[in-house]
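Reviewing the structure listed below.
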Amino acid sequence: MSTKPTNVEEIKKELIAKMPTKVARKRAKSILPGTEVGEPIPEIQSNVRTIPGIITQRGCTYAGCKGVVLGPSRDIVNLTHGPIGCGFYSWLTRRNQTDAGPDGENFIPYAFSTDMTEHDIVFGGEKKLRAAIQEAYDNFHPKAISIFSTCPVGLIGDDIHAVARTMQEELGITIFANSCEGYKGVSQSAGHHIANNQIMKHVIGTKDVEVEGKFKVNMLGEYNIGGDAFEIERILEKCGFTLVATFSGNSTVEDFRIAHAADLNTVMCHRSLNYVAEMMETKYGIPWIKVNFIGAEASAKSLRRMAAYFEDQELIDRTEAVIAEELEKVKTVVDEIKPRTDGKTAMLFVGGSRAHHYQELFKELGMKILGAGYEFAHRDDYEGRHVLPTIKIDADSRNIEELEIHPDPERFKPRKTEAELAKLNEQGLDFKGYEGMIGGMGKDAMVIDDINHYETEKLLEIYKPDIFCAGIKEKYIVQKMGIPLKQLHNYDMGGPYAGFNGAINWYRDIDRMVNTKVWNLIKAPWQADGPELEATYVA
Ligand code: CFM
């Protein structure tokens with residue numbers, strides 16, 4: 001194995017050397033070395049606008065709202081108000097799966113759009129939106145319709161909320177709108193927040209029923225990509241937890257309505273759903289903890305903390321038995337595969353959560369993380385939630401509504417006393433806590449926020465990792481450079497990778513990817529040793 005460069009500061013200089021001075025100065029603030037556990041973490045610039053002209057990995061606000069947060073709910077008609085491209089390109093590409101349920105009501109295979117054209121841009125699109133809602137209702141009679149605005153809607157000023165209100169009165173079903181124009185924030189992250197606000201305002205807590213089960217939890221920020229939520233559901237059920245609602249993988253609008261019946265909120269993807277966790281705690285008194293079901297050890301740890309919360313010996317014992325049984329299966333596979341993956345290297349640049357979570361799975365294979373970064377996460381996802389009070393509110397974040405939430409007069413019920421929470425915190429529950437990505441990555445590792453295309457190519461030249469994780473926009477460029485790329489957004493048709501069975505799937509897939517010989521064979525003829533084709537002009 002070749003020796004890998006380790007001086008992050010030197011490599012950083014090389015990365016930005018060719019950029020114009022102003023650009024280099026700005027990018028420098030988003031690139032830094034990891035730190036050891038317990039060391040102070042320096043501030044990383046994140047959640048700021050991408051420099052115009054730079055090829056970013058990021059998506060838009062509409063993508064975060066419609067594609068990410070609300071899209072995976074199967075029985076809400078998610079209607080895009082905009083030109084057809086926005087609806088079309090967000091149609092089924094994320095691989096969020098669902099079980100169609102006993103009623104078979106599943107709208108995920110459809111792309112609903114008002115198909116705005118020049119005529120609507122000039123004369124307004126509200127009439128068309130009303131007609132589209134009516135048509136969707138006539139055809140499907142859904143329980144809920146959610147409307148998403150795209151860039152032109154914001155520019156021409158269609159009042160989608162007024163349309164939603166009148167159509168809700170007319171049709172008698174839940175209809176709400178999201179002002180998630182693509183340009184609204186610096187990335188898809190703004191769209192998450194907008195969707196969280198609307199779910200909170202229009203859906204959560206709109207139905208009161210007794211939910212059976214002693215240990216009721218919600219899973220926040222789990223979107224069932226490649227079937228991850230199915231595996232997590234399997235494990236939770238085996239341990240004895242009752243899953244009330246998942247936001248929003250394999251979910252229904254009815255689940256959202258009764259989510260306030262849960263006694264604990266668990267947060268998988270902190271970036272996209274932490275807003276709902278916070279608001280539900282204020283409004284209903286439900287505490288939340290950060291969990292991670294990516295990685296076998298991380299899954300076991302999360303289950304233990306969840307069981308500890310309910311302080312029930314039977315649940316704790318059953319959870320321990322499940323962990324023991326599942327880890328044994330995992331260990332057999334790790335023992336087989338690790339000798340082949342030990343010491344290999346990986347880099348991962350993705351999203352606002354997975355670039356951190358997936359480090360666990362690589363470590364379980366004995367692999368080293370050379371570098372990682374998020375596309376659109378905020379400082380708290382990098383440095384830990386303790387930095388929240390120090391994050392400056394800028395014009396872009398002020399653009400997104402901050403809901404004022406108060407305890408619900410009838411439904412607020414503290415699940416634990418302050419003393420009980422403090423005692424559980426001492427046992428490692430860590431309520432409202434998230435340590436972020438940087439701490440523990442080590443000073444040899446590189447952390448880069450909103451990595452761009454140029455930096456990606458440079459990094460690959462310098463580090464030559466055994467595997468690179470990103471998305472479809474990067475995939476073929478990276479592979480043309482002779483390095484396998486694992487898509488961490490849609491899993492390349494693979495998965496699930498969550499939980500224990502997911503970990504096993506991951507080990508096998510990564511083993512195949514880093515050990516195949518095919519990458520050595522892709523040198524172009526002019527790069528290969530030996531005779532080259534030559535030609536000369538003969539006059
Ligand atoms: Fe959360 Fe996600 Fe992610 Fe995300 Fe996403 Fe995604 Fe992602 Mo793609 S919600 S932040 S906006 S874990 S779609 S399921 S893979 S970038 S790391």
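Identifiers for the structure tokens are assigned positionally: chains receive A, B, ... in sequence, residues are indexed from 1 per chain, and ligands are indexed from 1 in the order shown.
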
#### Entry: 12 Å contact set for Phe500 in chain A, only C-alpha atoms, chain neighbours under 6 positions out, as an MDAnalysis selection string
chainID A and resid 228 230:236 292:300 303 322:331 333:334 361 506:507

Hey, could you make a per-residue contact list for chain A against ligand 1 with 6 Å as the cut-off, showing the nearest pair of atoms and its distance in Å to one decimal, counting only C-alpha atoms and all ligand atoms, sorted by chain and number, as JSON lines?
```
{"residue": "A:Gly64", "atom": "CA", "partner": "ligand 1", "partner_atom_place_in_ligand_line": "11 (S)", "distance": 5.5}
{"residue": "A:Val68", "atom": "CA", "partner": "ligand 1", "partner_atom_place_in_ligand_line": "13 (S)", "distance": 5.5}
{"residue": "A:Tyr223", "atom": "CA", "partner": "ligand 1", "partner_atom_place_in_ligand_line": "14 (S)", "distance": 5.5}
{"residue": "A:Cys269", "atom": "CA", "partner": "ligand 1", "partner_atom_place_in_ligand_line": "1 (Fe)", "distance": 4.5}
{"residue": "A:Arg271", "atom": "CA", "partner": "ligand 1", "partner_atom_place_in_ligand_line": "10 (S)", "distance": 5.5}
{"residue": "A:Ser272", "atom": "CA", "partner": "ligand 1", "partner_atom_place_in_ligand_line": "1 (Fe)", "distance": 5.2}
{"residue": "A:Val350", "atom": "CA", "partner": "ligand 1", "partner_atom_place_in_ligand_line": "17 (S)", "distance": 5.3}
{"residue": "A:Gly351", "atom": "CA", "partner": "ligand 1", "partner_atom_place_in_ligand_line": "17 (S)", "distance": 3.4}
{"residue": "A:Gly352", "atom": "CA", "partner": "ligand 1", "partner_atom_place_in_ligand_line": "10 (S)", "distance": 3.6}
{"residue": "A:Ser353", "atom": "CA", "partner": "ligand 1", "partner_atom_place_in_ligand_line": "17 (S)", "distance": 4.4}
{"residue": "A:Arg354", "atom": "CA", "partner": "ligand 1", "partner_atom_place_in_ligand_line": "17 (S)", "distance": 4.1}
{"residue": "A:Leu488", "atom": "CA", "partner": "ligand 1", "partner_atom_place_in_ligand_line": "15 (S)", "distance": 5.9}
{"residue": "A:His489", "atom": "CA", "partner": "ligand 1", "partner_atom_place_in_ligand_line": "15 (S)", "distance": 3.4}
```

#### Entry: For CA of His406 in chain A and CA of Asp430 in chain A, the interatomic separation in Å (one decimal)
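Between these atoms lies a distance of 23.4 Å.
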
### Query
Can you tell me, as a list in words, what residues are no more than 7 Å from Asp396 in chain A when counting only C-alpha atoms, ignoring any on the same chain fewer than 3 positions away?
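In the requested form, the answer reads Gly185, Val186 and Asn399 of chain A.
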
### Query
Of the candidates A:Ser189, A:Leu79, A:Ile199, A:Asp208, which shows the shortest atom-to-atom distance to Glu410 in chain A, using only C-alpha atoms?
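That would be A:Asp208, the residue with the smallest distance to Glu410 in chain A.
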
### Task
as a PyMOL selection string, please: all residues of range 149-315 of chain A that backbone DSSP puts in alpha helix (DSSP H).
chain A and resi 151-156+160-171+188-202+228-239+253-257+270-284+296-310+313-315

### Message
as a ChimeraX atom specification, please: every residue in range 142-289 of chain A that a backbone DSSP assignment puts in strand (DSSP E or B).
### Response
/A:144-149,174-178,216-222,225,242-248,251,264-267,288-289

For those residues, write C-alpha atoms to a file as a tab-separated table (two decimals), in the first residue's frame.
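Saved as result.tsv:
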```tsv
chain	number	residue	atom	x	y	z
A	144	ALA	CA	-53.89	15.01	1.97
A	145	ILE	CA	-52.33	17.14	-0.74
A	146	SER	CA	-49.13	19.07	-0.30
A	147	ILE	CA	-48.10	21.79	-2.76
A	148	PHE	CA	-44.53	22.80	-3.53
A	149	SER	CA	-43.54	26.00	-5.25
A	174	THR	CA	-55.86	18.43	4.45
A	175	ILE	CA	-54.20	20.68	1.89
A	176	PHE	CA	-51.14	22.74	2.68
A	177	ALA	CA	-48.48	24.53	0.70
A	178	ASN	CA	-44.74	24.99	0.97
A	216	LYS	CA	-43.69	4.32	21.90
A	217	VAL	CA	-41.12	6.09	19.75
A	218	ASN	CA	-40.90	8.17	16.58
A	219	MET	CA	-38.03	7.96	14.13
A	220	LEU	CA	-37.15	11.40	12.77
A	221	GLY	CA	-35.01	11.85	9.68
A	222	GLU	CA	-35.13	8.32	8.29
A	225	ILE	CA	-33.58	4.85	1.07
A	242	THR	CA	-43.72	0.58	19.12
A	243	LEU	CA	-42.90	2.84	16.21
A	244	VAL	CA	-45.63	5.47	16.00
A	245	ALA	CA	-44.33	7.50	13.06
A	246	THR	CA	-41.29	7.76	10.87
A	247	PHE	CA	-40.53	11.10	9.26
A	248	SER	CA	-40.88	10.22	6.54
A	251	SER	CA	-44.96	6.57	6.41
A	264	LEU	CA	-39.51	9.50	22.81
A	265	ASN	CA	-38.32	11.09	19.58
A	266	THR	CA	-35.22	9.55	18.04
A	267	VAL	CA	-33.36	11.57	15.44
A	288	TRP	CA	-35.42	13.63	21.88
A	289	ILE	CA	-32.13	11.85	21.45
```

### Query
Quick one: residues within 7 Å of Val276 in chain A, only C-alpha atoms counted, chain neighbours fewer than 3 positions away excluded, as a ChimeraX atom specification?
/A:196,200,273,279-280
